[in-house]
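Trainee: Contents of run.txt (compact mmCIF, C-alpha atoms (C1' of nucleotides)):
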# COMPACT_ATOMS: atom_id res chain seq x y z
CA MET M 1 -5.85 -9.95 -9.29
CA LYS M 2 -8.19 -12.38 -7.45
CA ARG M 3 -8.47 -16.08 -7.94
CA LYS M 4 -11.06 -18.45 -6.59
CA ILE M 5 -9.83 -20.50 -3.70
CA ALA M 6 -8.51 -23.93 -4.65
CA SER M 7 -10.34 -26.87 -3.21
CA ALA M 8 -8.32 -28.55 -0.49
CA PRO M 9 -6.15 -31.46 -1.63
CA THR M 10 -7.87 -34.73 -0.84
CA SER M 11 -4.71 -36.33 0.51
CA ALA M 12 -1.16 -35.50 1.49
CA ALA M 13 0.02 -37.29 -1.64
CA THR M 14 -2.07 -35.04 -3.85
CA ALA M 15 -0.65 -32.01 -2.11
CA ALA M 16 2.89 -33.27 -2.51
CA THR M 17 2.56 -33.85 -6.25
CA ALA M 18 0.74 -30.62 -7.20
CA ALA M 19 3.25 -28.65 -9.26
CA PRO M 20 3.02 -25.08 -7.90
CA VAL M 21 1.92 -26.07 -4.41
CA GLU M 22 -1.78 -25.22 -4.00
CA LEU M 23 -2.55 -24.30 -0.43
CA GLY M 24 -5.60 -25.75 1.23
CA ALA M 25 -8.51 -23.42 1.84
CA ARG M 26 -7.93 -23.45 5.59
CA ARG M 27 -4.32 -22.44 5.12
CA GLN M 28 -5.20 -19.63 2.74
CA ILE M 29 -7.71 -18.31 5.24
CA LEU M 30 -5.17 -18.42 8.06
CA ASN M 31 -2.56 -16.68 5.90
CA ALA M 32 -4.97 -13.89 5.02
CA ALA M 33 -6.04 -13.51 8.65
CA ALA M 34 -2.41 -13.33 9.80
CA LYS M 35 -1.64 -10.57 7.32
CA LEU M 36 -4.71 -8.57 8.32
CA LEU M 37 -4.06 -9.03 12.03
CA ARG M 38 -0.49 -7.88 11.64
CA HIS M 39 -1.29 -4.73 9.72
CA ARG M 40 -4.72 -3.70 10.93
CA GLY M 41 -5.42 -5.37 14.28
CA TYR M 42 -8.19 -7.55 15.64
CA GLU M 43 -11.37 -5.56 15.04
CA ALA M 44 -10.42 -4.54 11.52
CA THR M 45 -9.76 -8.19 10.70
CA THR M 46 -13.35 -8.94 9.71
CA THR M 47 -14.52 -12.28 8.44
CA ARG M 48 -15.58 -10.54 5.23
CA ALA M 49 -12.13 -9.00 4.72
CA ILE M 50 -10.54 -12.41 5.16
CA ALA M 51 -13.00 -13.96 2.72
CA THR M 52 -12.38 -11.28 0.10
CA ALA M 53 -8.62 -11.76 0.42
CA VAL M 54 -8.92 -15.45 -0.48
CA GLY M 55 -11.57 -14.89 -3.17
CA ILE M 56 -14.67 -16.28 -1.52
CA LYS M 57 -17.84 -14.75 -0.06
CA GLY M 58 -18.19 -13.77 3.59
CA GLY M 59 -20.47 -16.55 4.70
CA SER M 60 -18.26 -19.26 3.23
CA ILE M 61 -15.62 -18.71 5.90
CA TYR M 62 -17.88 -20.63 8.26
CA HIS M 63 -17.59 -23.72 6.13
CA HIS M 64 -13.95 -23.92 7.29
CA PHE M 65 -13.99 -22.38 10.77
CA PRO M 66 -16.71 -22.17 13.43
CA SER M 67 -16.01 -18.54 14.32
CA LYS M 68 -13.77 -15.55 13.77
CA ASP M 69 -12.07 -16.16 17.10
CA ALA M 70 -11.24 -19.73 16.11
CA ILE M 71 -9.28 -18.31 13.16
CA VAL M 72 -7.62 -15.62 15.22
CA GLY M 73 -6.73 -18.09 17.96
CA GLU M 74 -5.09 -20.45 15.50
CA VAL M 75 -3.08 -17.62 13.91
CA VAL M 76 -1.82 -16.28 17.22
CA ASN M 77 -0.93 -19.70 18.54
CA GLU M 78 0.95 -20.55 15.38
CA GLY M 79 2.73 -17.23 15.60
CA VAL M 80 4.22 -18.07 18.96
CA ARG M 81 5.12 -21.56 17.79
CA VAL M 82 6.88 -20.23 14.70
CA VAL M 83 9.13 -17.83 16.58
CA TYR M 84 9.89 -20.52 19.18
CA ASP M 85 10.92 -22.93 16.46
CA ALA M 86 12.99 -20.28 14.68
CA VAL M 87 14.98 -19.43 17.79
CA GLU M 88 15.35 -23.05 18.84
CA LYS M 89 16.59 -24.03 15.40
CA ALA M 90 19.02 -21.12 15.22
CA LEU M 91 20.52 -22.11 18.55
CA SER M 92 20.92 -25.78 17.75
CA ALA M 93 22.47 -24.92 14.38
CA LEU M 94 25.41 -23.31 16.17
CA PRO M 95 28.60 -25.31 16.81
CA ALA M 96 28.72 -26.85 20.26
CA LYS M 97 31.56 -24.57 21.25
CA ALA M 98 29.75 -21.35 20.28
CA THR M 99 30.17 -18.62 22.89
CA PRO M 100 27.17 -17.41 24.92
CA ARG M 101 27.51 -14.08 23.08
CA ARG M 102 27.10 -15.83 19.72
CA ARG M 103 24.14 -17.78 21.05
CA LEU M 104 22.49 -14.58 22.23
CA GLU M 105 23.08 -12.88 18.89
CA ALA M 106 21.67 -15.88 17.05
CA ALA M 107 18.53 -15.94 19.22
CA ILE M 108 17.93 -12.21 18.80
CA LYS M 109 18.40 -12.44 15.06
CA ALA M 110 16.04 -15.40 14.75
CA HIS M 111 13.33 -13.58 16.73
CA LEU M 112 13.67 -10.44 14.62
CA LEU M 113 13.76 -12.29 11.30
CA SER M 114 10.68 -14.25 12.26
CA SER M 115 8.68 -11.23 13.43
CA LEU M 116 9.86 -8.69 10.86
CA GLU M 117 10.56 -10.61 7.66
CA HIS M 118 9.51 -14.22 7.64
CA SER M 119 6.18 -14.63 9.35
CA ASN M 120 2.93 -12.68 9.40
CA TYR M 121 1.88 -15.16 12.08
CA THR M 122 4.65 -14.13 14.44
CA SER M 123 4.15 -10.40 13.88
CA ALA M 124 0.39 -10.80 14.21
CA SER M 125 0.75 -12.61 17.53
CA ILE M 126 3.02 -9.86 18.84
CA ARG M 127 1.30 -6.74 17.54
CA ALA M 128 -2.35 -7.69 17.86
CA PHE M 129 -2.12 -9.56 21.15
CA ALA M 130 -2.79 -6.71 23.56
CA PHE M 131 -6.43 -6.14 22.59
CA LEU M 132 -7.47 -9.69 21.72
CA PRO M 133 -10.52 -11.14 23.52
CA ASP M 134 -9.56 -12.82 26.77
CA SER M 135 -10.67 -16.21 25.49
CA VAL M 136 -8.22 -16.04 22.59
CA ARG M 137 -5.39 -14.87 24.82
CA ARG M 138 -5.95 -17.70 27.25
CA ASP M 139 -5.60 -20.17 24.38
CA CYS M 140 -1.93 -19.44 23.88
CA ARG M 141 -0.70 -19.01 27.42
CA ILE M 142 1.07 -22.34 27.29
CA GLU M 143 2.91 -21.59 24.06
CA ARG M 144 3.91 -18.18 25.31
CA ARG M 145 5.12 -19.51 28.62
CA ARG M 146 7.21 -22.08 26.76
CA TYR M 147 8.88 -19.31 24.77
CA GLU M 148 9.58 -17.39 27.97
CA VAL M 149 11.30 -20.42 29.45
CA LEU M 150 13.54 -20.70 26.42
CA TRP M 151 14.74 -17.15 27.05
CA GLU M 152 15.10 -17.72 30.76
CA LYS M 153 17.56 -20.51 29.99
CA LEU M 154 19.43 -18.38 27.49
CA VAL M 155 19.74 -15.49 29.94
CA SER M 156 20.88 -17.88 32.62
CA GLU M 157 23.74 -19.00 30.36
CA LEU M 158 24.88 -15.39 30.12
CA TYR M 159 25.05 -15.04 33.89
CA LYS M 160 26.98 -18.29 34.26
CA ALA M 161 29.50 -17.07 31.71
CA GLY M 162 29.94 -13.88 33.73
CA LEU M 163 28.67 -11.68 30.88
CA ILE M 164 26.10 -9.87 32.98
CA ASP M 165 26.45 -8.03 36.28
CA PRO M 166 25.08 -10.48 38.89
CA GLU M 167 23.42 -7.61 40.73
CA ILE M 168 20.94 -7.21 37.88
CA SER M 169 17.83 -9.40 38.06
CA PRO M 170 17.61 -12.01 35.27
CA ASP M 171 13.94 -11.08 34.88
CA SER M 172 14.95 -7.51 34.09
CA ILE M 173 17.38 -8.65 31.43
CA ARG M 174 14.81 -10.90 29.78
CA LEU M 175 12.05 -8.27 29.91
CA LEU M 176 14.37 -5.59 28.56
CA LEU M 177 15.45 -7.76 25.67
CA LEU M 178 12.13 -9.32 24.71
CA GLY M 179 10.41 -5.97 25.12
CA ALA M 180 12.83 -4.33 22.73
CA LEU M 181 12.48 -7.23 20.27
CA ASN M 182 8.68 -7.24 20.39
CA TRP M 183 8.58 -3.49 19.87
CA ALA M 184 10.88 -3.62 16.85
CA GLY M 185 7.90 -4.03 14.53
CA GLU M 186 6.94 -0.45 15.37
CA TRP M 187 10.08 1.13 13.97
CA TYR M 188 11.86 -1.38 11.74
CA ARG M 189 12.15 -0.49 8.06
CA PRO M 190 14.05 -2.91 5.79
CA ASP M 191 15.93 -0.07 4.10
CA ARG M 192 17.48 1.24 7.30
CA MET M 193 19.69 -0.71 9.67
CA GLY M 194 19.88 -4.42 8.84
CA ILE M 195 18.77 -7.16 11.19
CA ASP M 196 22.33 -8.44 11.54
CA ASP M 197 23.53 -5.06 12.79
CA ILE M 198 20.59 -4.64 15.13
CA SER M 199 21.13 -8.10 16.57
CA ARG M 200 24.83 -7.50 17.17
CA ASP M 201 24.18 -4.12 18.78
CA PHE M 202 21.37 -5.40 21.01
CA ALA M 203 23.52 -8.29 22.22
CA ALA M 204 26.55 -6.07 22.80
CA SER M 205 24.41 -3.54 24.67
CA ILE M 206 23.61 -5.86 27.53
CA LEU M 207 26.86 -7.83 27.72
CA ARG M 208 29.65 -6.36 29.75
CA GLY M 209 33.10 -5.78 28.33
CA LYS M 210 34.68 -8.67 26.49
CA MET O 211 -22.47 4.61 40.22
CA LYS O 212 -23.05 7.05 37.36
CA ARG O 213 -23.46 10.80 37.59
CA LYS O 214 -24.60 13.23 34.97
CA ILE O 215 -21.79 15.20 33.47
CA ALA O 216 -21.23 18.62 35.07
CA SER O 217 -21.76 21.56 32.80
CA ALA O 218 -18.43 23.14 31.91
CA PRO O 219 -17.41 26.03 34.13
CA THR O 220 -18.20 29.32 32.43
CA SER O 221 -14.82 30.79 33.28
CA ALA O 222 -11.44 29.84 34.72
CA ALA O 223 -12.41 31.66 37.93
CA THR O 224 -15.51 29.49 38.37
CA ALA O 225 -13.40 26.37 37.86
CA ALA O 226 -10.81 27.53 40.38
CA THR O 227 -13.36 28.17 43.15
CA ALA O 228 -15.44 24.99 42.79
CA ALA O 229 -14.78 23.00 45.97
CA PRO O 230 -14.16 19.41 44.73
CA VAL O 231 -12.82 20.37 41.34
CA GLU O 232 -15.54 19.68 38.74
CA LEU O 233 -13.97 18.73 35.45
CA GLY O 234 -15.31 20.29 32.30
CA ALA O 235 -17.30 18.06 29.99
CA ARG O 236 -14.55 18.02 27.38
CA ARG O 237 -12.01 16.89 29.95
CA GLN O 238 -14.28 14.15 31.26
CA ILE O 239 -14.77 12.87 27.72
CA LEU O 240 -11.04 12.86 27.05
CA ASN O 241 -10.36 11.05 30.35
CA ALA O 242 -12.91 8.36 29.51
CA ALA O 243 -11.54 7.96 26.00
CA ALA O 244 -7.97 7.63 27.30
CA LYS O 245 -9.00 4.89 29.71
CA LEU O 246 -10.89 2.99 27.01
CA LEU O 247 -8.08 3.37 24.48
CA ARG O 248 -5.54 2.09 26.97
CA HIS O 249 -7.46 -0.99 27.96
CA ARG O 250 -9.46 -1.90 24.89
CA GLY O 251 -7.89 -0.25 21.84
CA TYR O 252 -9.17 2.00 19.09
CA GLU O 253 -12.11 0.12 17.58
CA ALA O 254 -13.56 -0.88 20.95
CA THR O 255 -13.42 2.75 22.04
CA THR O 256 -16.83 3.65 20.63
CA THR O 257 -18.41 7.06 20.94
CA ARG O 258 -21.28 5.43 22.81
CA ALA O 259 -18.95 3.75 25.33
CA ILE O 260 -17.27 7.09 25.99
CA ALA O 261 -20.65 8.76 26.42
CA THR O 262 -21.89 6.10 28.84
CA ALA O 263 -18.71 6.43 30.90
CA VAL O 264 -19.35 10.13 31.48
CA GLY O 265 -23.11 9.72 31.95
CA ILE O 266 -24.48 11.21 28.76
CA LYS O 267 -26.14 9.77 25.64
CA GLY O 268 -24.25 8.76 22.54
CA GLY O 269 -25.24 11.62 20.31
CA SER O 270 -24.29 14.25 22.85
CA ILE O 271 -20.60 13.58 22.38
CA TYR O 272 -20.85 15.54 19.14
CA HIS O 273 -21.81 18.66 21.04
CA HIS O 274 -18.21 18.69 22.35
CA PHE O 275 -16.18 17.10 19.56
CA PRO O 276 -16.69 16.97 15.79
CA SER O 277 -15.74 13.30 15.48
CA LYS O 278 -14.41 10.23 17.24
CA ASP O 279 -11.01 10.73 15.67
CA ALA O 280 -10.83 14.28 17.00
CA ILE O 281 -11.15 12.83 20.51
CA VAL O 282 -8.67 10.05 19.87
CA GLY O 283 -6.20 12.45 18.28
CA GLU O 284 -6.33 14.77 21.26
CA VAL O 285 -5.81 11.89 23.70
CA VAL O 286 -2.86 10.45 21.84
CA ASN O 287 -1.21 13.84 21.40
CA GLU O 288 -1.64 14.66 25.05
CA GLY O 289 -0.21 11.25 25.93
CA VAL O 290 3.05 12.01 24.19
CA ARG O 291 3.17 15.48 25.72
CA VAL O 292 2.61 14.12 29.23
CA VAL O 293 5.46 11.62 29.08
CA TYR O 294 7.74 14.23 27.52
CA ASP O 295 6.97 16.65 30.34
CA ALA O 296 7.42 13.95 32.98
CA VAL O 297 10.88 12.97 31.71
CA GLU O 298 11.94 16.57 31.18
CA LYS O 299 10.84 17.56 34.67
CA ALA O 300 12.55 14.56 36.27
CA LEU O 301 15.81 15.46 34.55
CA SER O 302 15.76 19.14 35.47
CA ALA O 303 14.89 18.26 39.07
CA LEU O 304 18.25 16.51 39.44
CA PRO O 305 21.23 18.39 40.89
CA ALA O 306 23.49 19.88 38.26
CA LYS O 307 26.28 17.47 39.20
CA ALA O 308 24.12 14.33 38.81
CA THR O 309 25.95 11.56 36.97
CA PRO O 310 24.78 10.45 33.51
CA ARG O 311 23.82 7.16 35.13
CA ARG O 312 21.48 8.94 37.57
CA ARG O 313 20.04 10.97 34.74
CA LEU O 314 19.35 7.81 32.75
CA GLU O 315 17.70 6.14 35.72
CA ALA O 316 15.55 9.20 36.34
CA ALA O 317 14.42 9.36 32.71
CA ILE O 318 13.55 5.65 32.64
CA LYS O 319 11.65 5.92 35.90
CA ALA O 320 9.69 8.95 34.72
CA HIS O 321 8.71 7.22 31.47
CA LEU O 322 7.58 4.09 33.31
CA LEU O 323 5.67 5.96 36.01
CA SER O 324 3.89 8.02 33.39
CA SER O 325 2.93 5.08 31.21
CA LEU O 326 2.21 2.54 33.93
CA GLU O 327 0.86 4.45 36.92
CA HIS O 328 0.14 8.12 36.32
CA SER O 329 -1.43 8.63 32.94
CA ASN O 330 -4.03 6.81 30.88
CA TYR O 331 -3.13 9.28 28.15
CA THR O 332 0.47 8.10 27.97
CA SER O 333 -0.40 4.42 28.06
CA ALA O 334 -3.16 4.95 25.51
CA SER O 335 -0.77 6.69 23.13
CA ILE O 336 1.71 3.85 23.45
CA ARG O 337 -0.56 0.81 23.39
CA ALA O 338 -3.19 1.90 20.90
CA PHE O 339 -0.94 3.73 18.48
CA ALA O 340 -0.09 0.87 16.13
CA PHE O 341 -3.58 0.44 14.66
CA LEU O 342 -4.80 4.02 14.74
CA PRO O 343 -6.06 5.56 11.46
CA ASP O 344 -3.26 7.17 9.50
CA SER O 345 -4.79 10.62 9.88
CA VAL O 346 -4.63 10.40 13.66
CA ARG O 347 -1.08 9.10 13.61
CA ARG O 348 0.07 11.91 11.39
CA ASP O 349 -1.32 14.41 13.90
CA CYS O 350 1.24 13.52 16.53
CA ARG O 351 4.36 13.00 14.50
CA ILE O 352 5.80 16.29 15.71
CA GLU O 353 5.26 15.52 19.38
CA ARG O 354 6.69 12.04 18.98
CA ARG O 355 9.71 13.30 17.12
CA ARG O 356 10.31 15.81 19.90
CA TYR O 357 10.31 13.01 22.45
CA GLU O 358 12.76 11.02 20.33
CA VAL O 359 15.13 13.96 20.25
CA LEU O 360 15.06 14.19 24.03
CA TRP O 361 16.26 10.60 24.21
CA GLU O 362 18.83 11.12 21.51
CA LYS O 363 20.42 13.82 23.65
CA LEU O 364 20.28 11.65 26.76
CA VAL O 365 21.92 8.73 24.97
CA SER O 366 24.54 11.03 23.57
CA GLU O 367 25.47 12.08 27.13
CA LEU O 368 26.09 8.44 27.98
CA TYR O 369 28.51 8.03 25.09
CA LYS O 370 30.38 11.21 26.02
CA ALA O 371 30.75 9.92 29.56
CA GLY O 372 32.23 6.71 28.18
CA LEU O 373 29.42 4.59 29.65
CA ILE O 374 28.60 2.83 26.39
CA ASP O 375 30.83 0.94 23.97
CA PRO O 376 31.42 3.41 21.10
CA GLU O 377 31.15 0.55 18.61
CA ILE O 378 27.41 0.29 19.32
CA SER O 379 25.16 2.59 17.30
CA PRO O 380 23.37 5.25 19.41
CA ASP O 381 20.20 4.45 17.46
CA SER O 382 20.39 0.87 18.65
CA ILE O 383 20.72 1.96 22.26
CA ARG O 384 17.76 4.30 22.03
CA LEU O 385 15.59 1.79 20.20
CA LEU O 386 16.49 -0.96 22.65
CA LEU O 387 15.67 1.21 25.61
CA LEU O 388 12.50 2.90 24.37
CA GLY O 389 11.25 -0.39 22.96
CA ALA O 390 11.65 -2.08 26.31
CA LEU O 391 9.97 0.84 28.07
CA ASN O 392 7.05 1.00 25.66
CA TRP O 393 6.52 -2.74 25.95
CA ALA O 394 6.49 -2.65 29.76
CA GLY O 395 2.72 -2.11 29.77
CA GLU O 396 2.36 -5.66 28.49
CA TRP O 397 3.93 -7.34 31.50
CA TYR O 398 4.07 -4.86 34.37
CA ARG O 399 2.02 -5.74 37.44
CA PRO O 400 2.21 -3.37 40.42
CA ASP O 401 2.54 -6.23 42.89
CA ARG O 402 5.70 -7.63 41.30
CA MET O 403 8.96 -5.80 40.79
CA GLY O 404 8.73 -2.08 41.61
CA ILE O 405 9.39 0.66 39.10
CA ASP O 406 12.47 1.80 41.02
CA ASP O 407 14.04 -1.63 40.73
CA ILE O 408 13.15 -1.98 37.07
CA SER O 409 14.60 1.45 36.31
CA ARG O 410 17.86 0.70 38.11
CA ASP O 411 18.21 -2.67 36.37
CA PHE O 412 17.40 -1.31 32.91
CA ALA O 413 19.94 1.49 33.30
CA ALA O 414 22.61 -0.85 34.66
CA SER O 415 21.98 -3.33 31.85
CA ILE O 416 23.18 -1.01 29.14
CA LEU O 417 25.96 0.82 31.01
CA ARG O 418 29.35 -0.77 31.04
CA GLY O 419 31.73 -1.40 33.91
CA LYS O 420 31.88 0.70 37.05
C1' DC U 421 -19.12 -22.46 -1.57
C1' DC U 422 -23.25 -18.88 -2.51
C1' DT U 423 -27.48 -16.05 -1.73
C1' DA U 424 -30.04 -13.85 1.30
C1' DC U 425 -30.85 -12.74 5.51
C1' DC U 426 -30.78 -11.92 11.07
C1' DG U 427 -30.21 -8.75 15.15
C1' DA U 428 -26.79 -5.81 16.94
C1' DT U 429 -23.91 -2.03 16.73
C1' DC U 430 -21.14 1.45 14.53
C1' DG U 431 -20.08 6.87 13.53
C1' DG U 432 -22.70 10.53 12.75
C1' DT U 433 -26.92 13.89 12.07
C1' DA U 434 -31.53 16.52 12.43
C1' DG U 435 -34.22 19.04 15.13
C1' DG U 436 -35.36 20.33 19.10
C1' DC L 437 -27.84 17.54 26.16
C1' DC L 438 -31.76 14.15 24.31
C1' DT L 439 -34.74 11.48 21.05
C1' DA L 440 -34.98 9.34 17.05
C1' DC L 441 -33.08 8.21 13.23
C1' DC L 442 -29.62 7.32 8.88
C1' DG L 443 -26.79 4.06 5.99
C1' DA L 444 -23.11 0.94 6.63
C1' DT L 445 -21.13 -2.93 8.54
C1' DC L 446 -20.40 -6.48 11.92
C1' DG L 447 -20.40 -11.91 13.28
C1' DG L 448 -23.08 -15.46 12.22
C1' DT L 449 -26.96 -18.63 10.12
C1' DA L 450 -30.47 -21.09 6.97
C1' DG L 451 -31.04 -23.51 3.12
C1' DG L 452 -29.57 -24.77 -0.72
Here is the file; what I need is its structure written in the form of structure tokens.

Mentor:
Amino acid sequence: MKRKIASAPTSAATAATAAPVELGARRQILNAAAKLLRHRGYEATTTRAIATAVGIKGGSIYHHFPSKDAIVGEVVNEGVRVVYDAVEKALSALPAKATPRRRLEAAIKAHLLSSLEHSNYTSASIRAFAFLPDSVRRDCRIERRRYEVLWEKLVSELYKAGLIDPEISPDSIRLLLLGALNWAGEWYRPDRMGIDDISRDFAASILRGK
Amino acid sequence: MKRKIASAPTSAATAATAAPVELGARRQILNAAAKLLRHRGYEATTTRAIATAVGIKGGSIYHHFPSKDAIVGEVVNEGVRVVYDAVEKALSALPAKATPRRRLEAAIKAHLLSSLEHSNYTSASIRAFAFLPDSVRRDCRIERRRYEVLWEKLVSELYKAGLIDPEISPDSIRLLLLGALNWAGEWYRPDRMGIDDISRDFAASILRGK
DNA sequence: CCTACCGATCGGTAGG
DNA sequence: CCTACCGATCGGTAGG
């Protein structure tokens, strides 16, 4: 069932009052690109496939974006931003007296929910990243570095609380954890173990007794 | 510096006596495909790029293989086999009285060495797998399952030795570990932390007390 | 936003 | 193992 793309709202007010929220053309294109990138990778995400998904012809994509890589770059960048925001929000939603263990569990769960359930942007930026053109990858170094720093702080809290053997390098802990989280898209199936259980197990795995 | 491909040895004896071992044409093609798959992914691994890498013309590839996917399938399958053999060999090389911790460290190290330093086949089968055509992925389900079982046994040893909290699911431990190992190709740089250190840290991270 | 097109490149084949 | 080619498809553009 295909529908023609809706013309972009002419103002924020228009967008806010439209009953079933009509997405702008740019947003629809980005959504379609994120979904394709997640499930089929960079090369298979053709401008024509994106166009077809939003109900327009191939050439019309270039009315909204200057190039394929401009679309891909925006998707990947937004993907990193989305997972950053999700983890940040999950952490600040916890009570001030939450234990470091609870904070770790919350961060893991937010990352997994974002990349497995909530956002094609996040999963696209994780799965498709490896073989993206260098120019696109350079464009999101800053966002990615920012996300790394968030985890460096979180891991550092765990050490201060004495929950991790001080002989283990904090880099190892972070790489172990984020690696396992980023790889989850390769095996996760919604009907098997739930994200709550995975998060609890992953946190418990790296924290030492009590 | 390009050289024409060597004609395949006409017998095993010929191959064994050639002074600097000349690889058969099929092997050269597989090697080139593995390297391309590892570094540039499935779609960028074109039959013409493979041919150029071994010094022949595009069409000549089809004298040795019936299709691109036949080449890719063989590379990916061999990649799984190579890492399986590496881990298996590392484990059986240990003294019979080696602790479960040593066995875990050895298995981790063998997986990382295979996928990061020794084998383009292993790294290709890990990095490129996600976006491979379904037909190719089906072809190596058996090998991959076999590798999973090896790790299931290894993890089970850790539980029996009381090195892991029995409240954590063994699946979680295996997925955490293999996920982190498979993702290592995305951040590992030979000039930073060595594989020995990473292996020791990863093993220590998930083992409790002691 | 569409039609119609560009040059380049893809996997694969015929025939030698 | 090569030359020469096939139909299909790619990212992108002109002109409306």

Trainee: Please define a box with edges along x, y and z of the file around all atoms of stretch 69-73 of chain M given in the file, extend it by 6 Å on each side, and return its centre and edge lengths in Å to one decimal, as JSON.

Mentor:
{"center_x": -9.4, "center_y": -17.7, "center_z": 15.6, "size_x": 17.3, "size_y": 16.1, "size_z": 16.8}

Trainee: Atom CA of O:Leu373 and atom CA of O:Leu388 are how many Å apart?

Mentor: 17.8 Å

Trainee: Within 10 Å of chain O, which residues of chain L come that close, and what is the closest atom pair and distance in Å for each? Count only C-alpha atoms (C1' of nucleotides) and give it as a Markdown table.

Mentor:
| residue | atom | partner | partner_atom | distance |
| --- | --- | --- | --- | --- |
| L:DC437 | C1' | O:Ser270 | CA | 5.9 |
| L:DC438 | C1' | O:Lys267 | CA | 7.2 |
| L:DT439 | C1' | O:Gly269 | CA | 9.5 |

Trainee: Pull out every residue of chain O sitting within 10 Å of chain M, counting all atoms listed in the file, and send them as JSON, numbers by chain.

Mentor: {"O": [247, 248, 249, 250, 251, 252, 253, 254, 337, 338, 339, 340, 341, 342, 343, 374, 375, 377, 378, 379, 380, 381, 382, 383, 384, 385, 386, 387, 388, 389, 390, 391, 392, 393, 394, 395, 396, 397, 398, 403, 407, 408, 409, 410, 411, 412, 413, 414, 415, 416, 417, 418, 419]}

Trainee: Residues near O:Thr262, anyone? I mean within 10 Å using only C-alpha atoms (C1' of nucleotides), not counting same-chain ones fewer than 2 positions away, as a PDB file with C-alpha atoms, keeping the file's coordinate frame.

Mentor:
ATOM      1  CA  LYS O 212     -23.050   7.050  37.360  1.00  0.00           C
ATOM      2  CA  LYS O 214     -24.600  13.230  34.970  1.00  0.00           C
ATOM      3  CA  ILE O 239     -14.770  12.870  27.720  1.00  0.00           C
ATOM      4  CA  ALA O 242     -12.910   8.360  29.510  1.00  0.00           C
ATOM      5  CA  THR O 256     -16.830   3.650  20.630  1.00  0.00           C
ATOM      6  CA  THR O 257     -18.410   7.060  20.940  1.00  0.00           C
ATOM      7  CA  ARG O 258     -21.280   5.430  22.810  1.00  0.00           C
ATOM      8  CA  ALA O 259     -18.950   3.750  25.330  1.00  0.00           C
ATOM      9  CA  ILE O 260     -17.270   7.090  25.990  1.00  0.00           C
ATOM     10  CA  VAL O 264     -19.350  10.130  31.480  1.00  0.00           C
ATOM     11  CA  GLY O 265     -23.110   9.720  31.950  1.00  0.00           C
ATOM     12  CA  ILE O 266     -24.480  11.210  28.760  1.00  0.00           C
ATOM     13  CA  LYS O 267     -26.140   9.770  25.640  1.00  0.00           C
ATOM     14  CA  GLY O 268     -24.250   8.760  22.540  1.00  0.00           C
ATOM     15  CA  ILE O 271     -20.600  13.580  22.380  1.00  0.00           C
TER      16      ILE O 271
END

Trainee: Give me the residues within 12 Å of U:DG427 as a ChimeraX atom specification, counting all atoms listed in the file and dropping any in the same chain fewer than 4 places off.

Mentor: /L:446-449

Trainee: Enter the distance from atom CA of O:Arg311 to atom CA of O:Tyr369, in Å, rounded to one decimal.

Mentor: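 Going from atom CA of O:Arg311 over to atom CA of O:Tyr369, I get 11.1 Å.
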
Trainee: One decimal, Å: what's the distance from atom CA of M:Glu148 over to atom CA of M:Val80, could you say?

Mentor: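 Computing it gives 10.5 Å between the two atoms.
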
Trainee: Give me, as a PyMOL selection string, all polymer residues having an atom no more than 10 Å from stretch 353-356 of chain O, counting all atoms listed in the file and skipping those fewer than 5 positions away in the same chain.

Mentor: chain O and resi 286-291+294+347+361-362
